[in-house]
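Coordinates from run_8.tsv are shown below (TSV, C-alpha atoms and all ligand atoms).
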chain	number	residue	atom	x	y	z
A	43	MET	CA	61.61	116.58	157.65
A	44	LYS	CA	59.94	113.17	157.69
A	45	THR	CA	62.97	111.37	156.29
A	46	ALA	CA	65.43	112.78	158.84
A	47	VAL	CA	67.48	110.39	160.98
A	48	ARG	CA	69.62	111.02	164.07
A	49	ILE	CA	73.11	109.55	164.23
A	50	ARG	CA	74.02	111.18	167.57
A	51	GLU	CA	72.27	113.94	169.62
A	52	ASP	CA	74.32	116.53	167.75
A	53	LEU	CA	74.12	115.00	164.27
A	54	GLU	CA	70.93	114.77	162.27
A	55	LEU	CA	70.87	113.74	158.60
A	56	LYS	CA	68.05	115.03	156.38
A	57	ASN	CA	67.58	111.50	155.06
A	58	PRO	CA	69.26	108.11	155.64
A	59	ILE	CA	71.20	108.08	152.34
A	60	ILE	CA	74.98	108.54	152.48
A	61	THR	CA	77.75	108.04	149.93
A	62	ALA	CA	80.05	105.09	150.68
A	63	SER	CA	83.71	105.89	151.23
A	64	GLY	CA	85.86	105.67	148.13
A	65	THR	CA	83.05	105.64	145.62
A	66	ALA	CA	82.50	109.39	145.39
A	67	ALA	CA	86.08	110.55	146.13
A	68	TYR	CA	85.89	114.15	147.40
A	69	GLY	CA	82.57	115.01	145.71
A	70	GLU	CA	83.70	116.98	142.67
A	71	GLU	CA	82.76	114.39	140.04
A	72	LEU	CA	79.49	113.33	141.68
A	73	SER	CA	78.35	116.95	141.92
A	74	GLU	CA	78.32	117.09	138.11
A	75	PHE	CA	75.32	114.75	138.30
A	76	LEU	CA	73.41	115.98	141.35
A	77	ASP	CA	73.32	118.66	144.01
A	78	LEU	CA	75.18	117.05	146.92
A	79	SER	CA	72.88	118.95	149.31
A	80	VAL	CA	70.17	116.35	148.68
A	81	LEU	CA	72.24	113.67	150.40
A	82	GLY	CA	71.83	112.73	154.04
A	83	GLY	CA	75.62	112.69	154.35
A	84	PHE	CA	78.78	112.60	152.28
A	85	VAL	CA	81.57	110.17	153.23
A	86	THR	CA	84.98	110.96	151.74
A	87	LYS	CA	87.58	108.63	150.30
A	88	GLY	CA	89.67	107.08	153.09
A	89	LEU	CA	92.34	109.57	154.18
A	90	SER	CA	95.73	109.12	155.83
A	91	ILE	CA	98.05	111.66	157.43
A	92	ARG	CA	100.35	111.51	154.40
A	93	PRO	CA	99.28	111.13	150.74
A	94	LYS	CA	99.20	107.50	149.64
A	95	ARG	CA	99.72	105.87	146.28
A	96	GLY	CA	97.47	102.94	145.62
A	97	ASN	CA	98.00	99.40	144.36
A	98	PRO	CA	99.23	98.36	140.90
A	99	THR	CA	96.63	98.35	138.11
A	100	PRO	CA	94.21	96.89	137.13
A	101	ARG	CA	92.41	97.87	140.30
A	102	ILE	CA	88.80	97.12	139.39
A	103	ALA	CA	87.06	94.15	137.80
A	104	GLU	CA	83.40	93.34	137.27
A	105	THR	CA	81.92	90.19	138.81
A	106	PRO	CA	78.42	88.71	138.54
A	107	CYS	CA	76.15	91.14	140.43
A	108	GLY	CA	79.05	93.14	141.77
A	109	MET	CA	82.58	94.36	141.43
A	110	ILE	CA	85.92	93.75	143.02
A	111	ASN	CA	88.40	96.55	143.74
A	112	SER	CA	91.91	96.87	145.06
A	113	ILE	CA	92.45	100.62	144.94
A	114	GLY	CA	94.75	100.36	147.95
A	115	LEU	CA	93.47	103.50	149.69
A	116	GLU	CA	95.13	105.97	147.32
A	117	ASN	CA	94.37	109.43	148.66
A	118	VAL	CA	95.60	113.04	148.71
A	119	GLY	CA	96.47	113.01	152.43
A	120	ILE	CA	94.72	114.93	155.20
A	121	PRO	CA	96.58	118.28	154.84
A	122	VAL	CA	95.70	118.58	151.13
A	123	PHE	CA	92.16	117.40	151.83
A	124	LEU	CA	91.66	120.09	154.48
A	125	LYS	CA	93.08	122.85	152.28
A	126	GLU	CA	91.69	121.92	148.86
A	127	LYS	CA	88.79	119.47	149.17
A	128	LEU	CA	86.92	120.24	152.40
A	129	PRO	CA	86.05	123.86	151.43
A	130	TYR	CA	84.47	122.50	148.25
A	131	LEU	CA	82.38	119.96	150.16
A	132	ASN	CA	81.36	122.56	152.74
A	133	GLN	CA	79.53	124.54	150.05
A	134	PHE	CA	76.77	121.96	150.28
A	135	SER	CA	74.30	121.66	153.14
A	136	THR	CA	75.32	118.04	153.71
A	137	PRO	CA	77.28	116.80	156.72
A	138	VAL	CA	80.79	115.75	155.69
A	139	VAL	CA	81.96	112.48	157.22
A	140	VAL	CA	85.68	111.86	156.83
A	141	ASN	CA	86.77	108.25	156.46
A	142	PHE	CA	90.32	107.75	157.74
A	143	PHE	CA	92.88	105.02	158.38
A	144	GLY	CA	96.47	104.50	159.46
A	145	GLU	CA	99.21	101.93	159.56
A	146	THR	CA	99.82	102.32	163.29
A	147	GLU	CA	97.81	103.35	166.34
A	148	ASP	CA	99.64	106.68	166.39
A	149	ASP	CA	98.65	107.32	162.76
A	150	TYR	CA	94.98	106.90	163.66
A	151	VAL	CA	95.28	109.15	166.71
A	152	ILE	CA	97.10	111.92	164.80
A	153	ALA	CA	94.61	111.67	161.93
A	154	ALA	CA	91.65	111.96	164.32
A	155	GLU	CA	93.22	115.03	165.95
A	156	MET	CA	93.82	116.68	162.57
A	157	LEU	CA	90.23	116.00	161.51
A	158	SER	CA	88.53	117.27	164.68
A	159	ILE	CA	87.79	120.69	163.22
A	160	GLU	CA	84.82	122.75	162.09
A	161	GLY	CA	83.34	121.66	158.78
A	162	ILE	CA	83.70	117.97	159.55
A	163	ALA	CA	80.53	116.44	160.98
A	164	ALA	CA	81.83	112.98	161.92
A	165	LEU	CA	84.75	110.60	161.57
A	166	GLU	CA	84.46	107.13	160.07
A	167	MET	CA	87.37	104.93	161.13
A	168	ASN	CA	88.33	102.34	158.56
A	169	VAL	CA	89.67	99.30	160.40
A	170	SER	CA	88.52	96.95	157.70
A	171	CYS	CA	90.22	97.56	154.34
A	172	PRO	CA	91.18	94.22	152.77
A	173	ASN	CA	93.50	95.87	150.23
A	174	ILE	CA	96.47	97.24	152.17
A	175	LYS	CA	99.47	95.47	153.64
A	176	ARG	CA	99.64	97.24	156.99
A	177	GLY	CA	96.94	98.71	159.23
A	178	GLY	CA	93.30	98.50	158.24
A	179	ILE	CA	91.86	95.07	158.75
A	180	GLU	CA	94.71	94.04	161.06
A	181	PHE	CA	93.02	96.20	163.70
A	182	GLY	CA	89.45	95.31	162.81
A	183	LYS	CA	89.65	91.56	163.12
A	184	ASP	CA	91.04	91.38	166.64
A	185	PRO	CA	88.67	92.64	169.39
A	186	GLU	CA	91.47	93.57	171.81
A	187	SER	CA	93.53	95.55	169.28
A	188	LEU	CA	90.36	97.24	168.09
A	189	HIS	CA	89.30	98.16	171.62
A	190	THR	CA	92.70	99.70	172.37
A	191	LEU	CA	92.74	101.62	169.10
A	192	VAL	CA	89.20	102.99	169.34
A	193	LYS	CA	89.81	104.01	172.97
A	194	LYS	CA	92.90	105.99	171.98
A	195	VAL	CA	91.06	107.73	169.15
A	196	ARG	CA	88.06	108.40	171.42
A	197	GLU	CA	90.34	110.25	173.85
A	198	VAL	CA	91.38	112.81	171.21
A	199	THR	CA	88.09	113.60	169.50
A	200	LYS	CA	84.61	114.72	170.50
A	201	LYS	CA	83.30	114.25	166.96
A	202	PRO	CA	80.78	111.48	166.37
A	203	LEU	CA	83.01	108.43	165.94
A	204	ILE	CA	81.89	105.79	163.48
A	205	VAL	CA	83.81	102.51	163.29
A	206	LYS	CA	83.57	100.63	159.99
A	207	LEU	CA	83.64	96.90	160.63
A	208	PRO	CA	85.12	94.12	158.51
A	209	PRO	CA	82.55	91.54	157.32
A	210	LEU	CA	84.67	88.39	157.39
A	211	VAL	CA	85.58	87.81	161.01
A	212	THR	CA	84.88	84.87	163.28
A	213	ASP	CA	82.10	86.75	165.08
A	214	ILE	CA	81.20	90.28	164.02
A	215	VAL	CA	79.21	90.78	167.24
A	216	VAL	CA	82.37	90.43	169.34
A	217	ILE	CA	84.13	93.00	167.14
A	218	ALA	CA	81.12	95.34	167.26
A	219	ARG	CA	80.94	95.16	171.06
A	220	ALA	CA	84.68	95.85	171.35
A	221	ALA	CA	84.29	99.03	169.28
A	222	VAL	CA	81.25	100.26	171.20
A	223	SER	CA	82.70	99.55	174.65
A	224	ALA	CA	85.77	101.60	173.63
A	225	GLY	CA	83.60	104.60	172.75
A	226	ALA	CA	82.35	104.23	169.18
A	227	ASP	CA	79.11	106.22	168.72
A	228	VAL	CA	78.05	104.47	165.53
A	229	LEU	CA	79.08	101.37	163.54
A	230	THR	CA	79.21	100.97	159.77
A	231	CYS	CA	78.44	97.42	158.76
A	232	CYS	CA	80.50	96.76	156.75
A	233	ASN	CA	83.46	96.97	154.36
A	234	THR	CA	84.05	94.87	151.21
A	235	PHE	CA	84.57	91.09	151.32
A	236	PRO	CA	88.08	89.80	150.53
A	237	ALA	CA	87.80	88.15	147.11
A	238	MET	CA	89.56	87.47	143.82
A	239	VAL	CA	88.96	87.04	140.10
A	240	ILE	CA	91.03	84.83	137.80
A	241	ASP	CA	91.43	84.94	134.01
A	242	GLU	CA	91.58	81.24	133.18
A	243	ASN	CA	93.13	81.79	129.73
A	244	LEU	CA	95.96	83.94	131.04
A	245	ARG	CA	96.09	81.87	134.24
A	246	ARG	CA	96.46	85.14	136.08
A	247	PRO	CA	94.47	87.11	138.63
A	248	LEU	CA	92.60	90.02	137.04
A	249	LEU	CA	93.71	92.51	139.69
A	250	GLY	CA	97.25	93.82	139.92
A	251	ASN	CA	97.10	93.27	143.67
A	252	VAL	CA	95.92	89.64	143.10
A	253	THR	CA	93.06	90.00	145.61
A	254	GLY	CA	90.55	92.77	146.30
A	255	GLY	CA	87.26	93.53	147.97
A	256	LEU	CA	83.87	92.42	146.66
A	257	SER	CA	81.00	94.90	146.73
A	258	GLY	CA	77.62	95.43	145.07
A	259	PRO	CA	74.35	93.45	145.03
A	260	ALA	CA	76.23	90.12	145.34
A	261	ILE	CA	76.97	90.84	149.02
A	262	LYS	CA	73.64	92.40	150.02
A	263	PRO	CA	71.89	89.38	151.57
A	264	VAL	CA	75.00	88.58	153.61
A	265	VAL	CA	75.33	92.16	154.83
A	266	LEU	CA	71.62	92.27	155.65
A	267	LYS	CA	72.17	89.45	158.12
A	268	LEU	CA	75.30	91.07	159.56
A	269	VAL	CA	73.39	94.32	160.08
A	270	ARG	CA	70.64	92.47	161.90
A	271	ASP	CA	73.13	90.53	164.06
A	272	VAL	CA	75.03	93.68	164.99
A	273	SER	CA	71.95	95.82	165.62
A	274	GLN	CA	70.57	93.22	168.00
A	275	SER	CA	73.75	93.13	170.03
A	276	VAL	CA	74.71	96.81	170.53
A	277	HIS	CA	72.74	99.94	171.37
A	278	VAL	CA	74.28	102.39	168.93
A	279	PRO	CA	73.03	103.41	165.46
A	280	ILE	CA	74.16	101.19	162.59
A	281	ILE	CA	75.00	102.45	159.10
A	282	ALA	CA	74.52	99.65	156.58
A	283	SER	CA	77.01	99.38	153.73
A	284	GLY	CA	76.97	96.58	151.21
A	285	GLY	CA	75.07	96.15	147.99
A	286	ALA	CA	72.19	98.59	148.37
A	287	SER	CA	71.12	99.72	144.91
A	288	THR	CA	67.41	100.50	145.17
A	289	TYR	CA	65.08	102.08	147.73
A	290	ARG	CA	63.79	98.57	148.47
A	291	ASP	CA	67.28	97.46	149.54
A	292	VAL	CA	67.50	100.52	151.77
A	293	ILE	CA	64.14	99.81	153.43
A	294	GLN	CA	65.26	96.20	154.00
A	295	PHE	CA	68.45	97.42	155.72
A	296	LEU	CA	66.39	99.78	157.88
A	297	LEU	CA	64.01	96.97	158.84
A	298	ALA	CA	67.03	94.84	159.76
A	299	GLY	CA	68.10	97.57	162.19
A	300	ALA	CA	70.09	100.19	160.27
A	301	THR	CA	69.58	103.90	160.91
A	302	ALA	CA	71.21	105.00	157.64
A	303	VAL	CA	72.56	103.33	154.51
A	304	GLU	CA	75.66	104.01	152.44
A	305	ILE	CA	75.42	103.61	148.66
A	306	GLY	CA	78.68	102.77	146.88
A	307	SER	CA	79.02	100.49	143.84
A	308	GLU	CA	75.56	101.31	142.49
A	309	SER	CA	76.48	105.00	142.28
A	310	LEU	CA	79.42	104.13	140.02
A	311	ARG	CA	76.94	102.51	137.61
A	312	ASN	CA	74.21	105.12	138.04
A	313	PRO	CA	75.22	108.34	139.83
A	314	LEU	CA	71.57	109.44	139.83
A	315	CYS	CA	70.57	106.46	142.00
A	316	PHE	CA	70.71	108.68	145.11
A	317	LEU	CA	67.79	110.77	143.82
A	318	GLU	CA	65.80	107.68	142.83
A	319	ILE	CA	66.40	106.02	146.20
A	320	ILE	CA	65.47	109.10	148.25
A	321	LYS	CA	62.25	109.49	146.21
A	322	GLY	CA	61.50	105.78	146.70
A	323	ILE	CA	61.85	106.08	150.48
A	324	GLU	CA	59.52	109.09	150.54
A	325	GLU	CA	56.92	107.20	148.50
A	326	TYR	CA	57.24	104.11	150.71
A	327	MET	CA	56.65	106.25	153.79
A	328	GLU	CA	53.62	107.88	152.15
A	329	ARG	CA	52.24	104.47	151.18
A	330	PHE	CA	52.46	103.17	154.74
A	331	ARG	CA	51.50	106.56	156.26
A	332	MET	CA	54.73	106.85	158.21
A	333	HIS	CA	55.85	110.07	159.84
A	334	SER	CA	59.41	109.13	160.69
A	335	VAL	CA	62.14	106.74	159.48
A	336	SER	CA	62.31	105.47	163.06
A	337	GLU	CA	59.00	103.72	162.29
A	338	ILE	CA	61.01	101.50	159.93
A	339	THR	CA	64.34	100.99	161.71
A	340	GLY	CA	64.50	97.61	163.47
A	341	THR	CA	60.81	96.85	162.99
A	342	LEU	CA	61.30	93.55	161.18
A	343	GLU	CA	58.42	91.27	162.10
A	344	ILE	CA	59.23	87.63	162.79
A	345	VAL	CA	56.09	85.53	162.75
B	401	LIG	C1	86.21	101.64	144.37
B	401	LIG	C2	85.97	101.50	145.85
B	401	LIG	C3	86.76	102.19	146.75
B	401	LIG	C4	86.54	102.06	148.13
B	401	LIG	N1	87.31	102.78	149.01
B	401	LIG	C5	87.06	102.70	150.34
B	401	LIG	C6	87.80	103.50	151.27
B	401	LIG	O1	88.67	104.30	150.90
B	401	LIG	N2	87.52	103.34	152.60
B	401	LIG	C7	86.53	102.49	153.06
B	401	LIG	O2	86.31	102.41	154.27
B	401	LIG	N3	85.79	101.76	152.19
B	401	LIG	C8	86.03	101.85	150.85
B	401	LIG	N4	85.27	101.12	149.97
B	401	LIG	C9	84.15	100.28	150.49
B	401	LIG	C10	82.80	101.03	150.34
B	401	LIG	O3	82.81	102.23	151.09
B	401	LIG	C11	81.63	100.16	150.78
B	401	LIG	O4	81.75	99.87	152.15
B	401	LIG	C12	81.56	98.84	150.00
B	401	LIG	O5	81.84	99.07	148.63
B	401	LIG	C13	80.20	98.15	150.12
B	401	LIG	O6	79.15	98.97	149.65
B	401	LIG	P1	78.54	98.88	148.16
B	401	LIG	O7	78.19	97.44	147.90
B	401	LIG	O8	77.35	99.80	148.19
B	401	LIG	O9	79.61	99.37	147.22
B	401	LIG	C14	85.50	101.22	148.59
B	401	LIG	C15	84.70	100.53	147.67
B	401	LIG	C16	84.91	100.65	146.31
B	401	LIG	C17	84.00	99.90	145.36
Same coordinates, now as structure tokens:
Amino acid sequence: MKTAVRIREDLELKNPIITASGTAAYGEELSEFLDLSVLGGFVTKGLSIRPKRGNPTPRIAETPCGMINSIGLENVGIPVFLKEKLPYLNQFSTPVVVNFFGETEDDYVIAAEMLSIEGIAALEMNVSCPNIKRGGIEFGKDPESLHTLVKKVREVTKKPLIVKLPPLVTDIVVIARAAVSAGADVLTCCNTFPAMVIDENLRRPLLGNVTGGLSGPAIKPVVLKLVRDVSQSVHVPIIASGGASTYRDVIQFLLAGATAVEIGSESLRNPLCFLEIIKGIEEYMERFRMHSVSEITGTLEIV
């Protein structure tokens, strides 16, 4: 297929469009709108070894050109996911990527071991959630801690290992290099931006957790630059995540160096956007007589 992209030698996606973690849960609701088999890949909600309750409500607020969330990584836990959710997702001919996180290094290692089974195509390590007290971004913002963590996880899994980077760090390139030198096969660039919304009349934050993570079109130009910076500094495929809502955004991320693109917030507004975006990419490729997505990736022309 013309739109196919390769994430690792053993993992090809039929197109570069993937769900973003946490915005399509475990697929049941999204599949009421479209056949999940059309997607290049499906990324699950972030999972932990034990079930996790999320943050106090409200957990979502709208912002100009975006949204802010503080779900707090609520999830069913890996054992329930494997028993009840994975078989459902495996009905579709779409690679299942499991996003996972932990509070300690051991949590990550145990989770990666539990997830290294048939039916799971790749693992996406979340070291960048701004909405939890322990774990998450604590690992992602320090290159040494990240290197140690990724190395430990790499030792226990042969699955394609994707590391999802935090956007707000002193130098994302240093963080990206630390992940790759420890064995990451792919990088997702990136998670939500720490942010907050205040109700001036109530004099209170709108989110129960006070702060959350900003996503949607508001962050796209910033993420576009991060994707370019990261893709120029490491030699692994990059998955862009941050504000893509149309096929044009996706093409721009590919030009900046991404191999695939995750769609999150936009799918909450319009679950059919996946179909529109995939069609748009096909038409773009026809228009420019392209035979492969690799003719787009990283081909930004600087004059
Ligand atoms: C409601 C919501 C829940 C999310 N949950 C997770 C999660 O569990 N794990 C994770 O790594 N990222 C999570 N994210 C971040 C998204 O996967 C994505 O990286 C981010 O929203 C930027 O993409 P977008 O602008 O297309 O939404 C979540 C985002 C939203 C909006």
Kindly compute an axis-aligned box around the listed atoms of ligand LIG 401 (chain B), allowing 5 Å on each side, and express its centre and edge lengths in Å to one decimal as AutoDock Vina command-line options.
--center_x 83.0 --center_y 100.9 --center_z 149.3 --size_x 21.3 --size_y 16.9 --size_z 19.9
Taking all atoms listed in the file and a cut-off of 6 Å, can you tell me which residues surround ligand LIG 401 (chain B), written as a PyMOL selection string? chain A and resi 62-65+87-88+111+115+168+232-234+257-258+283-286+305-307
With a distance cut-off of 7 Å and all atoms listed in the file, select the neighbouring residues of A:Gly255, excluding the residue or stretch itself and same-chain residues fewer than 4 positions from it, and output the selection as a PyMOL selection string. chain A and resi 110-112+172+234-237
Straight-line distance linking atom CA of A:Leu268 with atom CA of A:Ala282, stated in Å to one decimal: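 Pair atom CA of A:Leu268 / atom CA of A:Ala282 returns 9.1 Å.
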Pick out the residues sitting within 9 Å of stretch 80-84 of chain A, and hand them over as a PDB file with C-alpha atoms, in the frame of the given file; count all atoms listed in the file, and ignore anything fewer than 3 positions along from it in its own chain.
ATOM      1  CA  ALA A  46      65.430 112.780 158.840  1.00  0.00           C
ATOM      2  CA  VAL A  47      67.480 110.390 160.980  1.00  0.00           C
ATOM      3  CA  GLU A  54      70.930 114.770 162.270  1.00  0.00           C
ATOM      4  CA  LEU A  55      70.870 113.740 158.600  1.00  0.00           C
ATOM      5  CA  LYS A  56      68.050 115.030 156.380  1.00  0.00           C
ATOM      6  CA  ASN A  57      67.580 111.500 155.060  1.00  0.00           C
ATOM      7  CA  PRO A  58      69.260 108.110 155.640  1.00  0.00           C
ATOM      8  CA  ILE A  59      71.200 108.080 152.340  1.00  0.00           C
ATOM      9  CA  ILE A  60      74.980 108.540 152.480  1.00  0.00           C
ATOM     10  CA  THR A  61      77.750 108.040 149.930  1.00  0.00           C
ATOM     11  CA  ALA A  62      80.050 105.090 150.680  1.00  0.00           C
ATOM     12  CA  SER A  63      83.710 105.890 151.230  1.00  0.00           C
ATOM     13  CA  ALA A  66      82.500 109.390 145.390  1.00  0.00           C
ATOM     14  CA  TYR A  68      85.890 114.150 147.400  1.00  0.00           C
ATOM     15  CA  GLY A  69      82.570 115.010 145.710  1.00  0.00           C
ATOM     16  CA  LEU A  76      73.410 115.980 141.350  1.00  0.00           C
ATOM     17  CA  ASP A  77      73.320 118.660 144.010  1.00  0.00           C
ATOM     18  CA  LEU A 131      82.380 119.960 150.160  1.00  0.00           C
ATOM     19  CA  PHE A 134      76.770 121.960 150.280  1.00  0.00           C
ATOM     20  CA  SER A 135      74.300 121.660 153.140  1.00  0.00           C
ATOM     21  CA  THR A 136      75.320 118.040 153.710  1.00  0.00           C
ATOM     22  CA  PRO A 137      77.280 116.800 156.720  1.00  0.00           C
ATOM     23  CA  VAL A 138      80.790 115.750 155.690  1.00  0.00           C
ATOM     24  CA  VAL A 139      81.960 112.480 157.220  1.00  0.00           C
ATOM     25  CA  VAL A 140      85.680 111.860 156.830  1.00  0.00           C
ATOM     26  CA  ALA A 302      71.210 105.000 157.640  1.00  0.00           C
ATOM     27  CA  GLU A 304      75.660 104.010 152.440  1.00  0.00           C
ATOM     28  CA  PHE A 316      70.710 108.680 145.110  1.00  0.00           C
ATOM     29  CA  LEU A 317      67.790 110.770 143.820  1.00  0.00           C
ATOM     30  CA  ILE A 320      65.470 109.100 148.250  1.00  0.00           C
TER      31      ILE A 320
END
Write out as a PyMOL selection string the residues lying within 10 Å of A:Ser336, counting all atoms listed in the file and excluding same-chain residues fewer than 5 positions away. chain A and resi 44-48+296-297+299-301+341
Using Å and a single decimal, report how far atom CA of A:Ile280 sits from atom CA of A:Thr230.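 Separating atom CA of A:Thr230 from atom CA of A:Ile280 is a distance of 5.8 Å.
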Neighbouring residues of stretch 196-205 of chain A were defined as those with any atom within 10 Å, considering all atoms listed in the file; residues of the same chain fewer than 4 positions away were excluded. Please report them as an MDAnalysis selection string. chainID A and resid 49:53 139:141 151:160 162:170 182 188 190:192 218 221:222 224:232 278:281
I'd like the neighbourhood of A:Ser223 as a PDB file with C-alpha atoms, in the coordinates of the input, where a residue qualifies if any of its atoms comes within 9 Å (using all atoms listed in the file), though same-chain residues fewer than 4 positions away should be ignored.
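As written to disk, result_30.pdb reads:
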ATOM      1  CA  HIS A 189      89.300  98.160 171.620  1.00  0.00           C
ATOM      2  CA  LYS A 193      89.810 104.010 172.970  1.00  0.00           C
ATOM      3  CA  ALA A 218      81.120  95.340 167.260  1.00  0.00           C
ATOM      4  CA  ARG A 219      80.940  95.160 171.060  1.00  0.00           C
TER       5      ARG A 219
END
Find the residue from A:Leu266, A:Met109, A:Leu89, A:Leu207 that sits nearest to A:Pro121; use all atoms listed in the file when measuring.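 Closest residue, counting all atoms listed in the file: A:Leu89.
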What's the separation between atom CA of A:Val276 and atom CA of A:Phe142, in Å to one decimal place?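 Taking atom CA of A:Val276 and atom CA of A:Phe142, their separation equals 23.0 Å.
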Using all atoms listed in the file, which of A:Tyr326, A:Pro263, A:His333, A:Val215 sits nearest A:His277? A:Val215
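Nearest to A:Thr339 of all the residues A:Ile293, A:Ser275, A:Lys206, A:Ile240 is A:Ile293, based on all atoms listed in the file.
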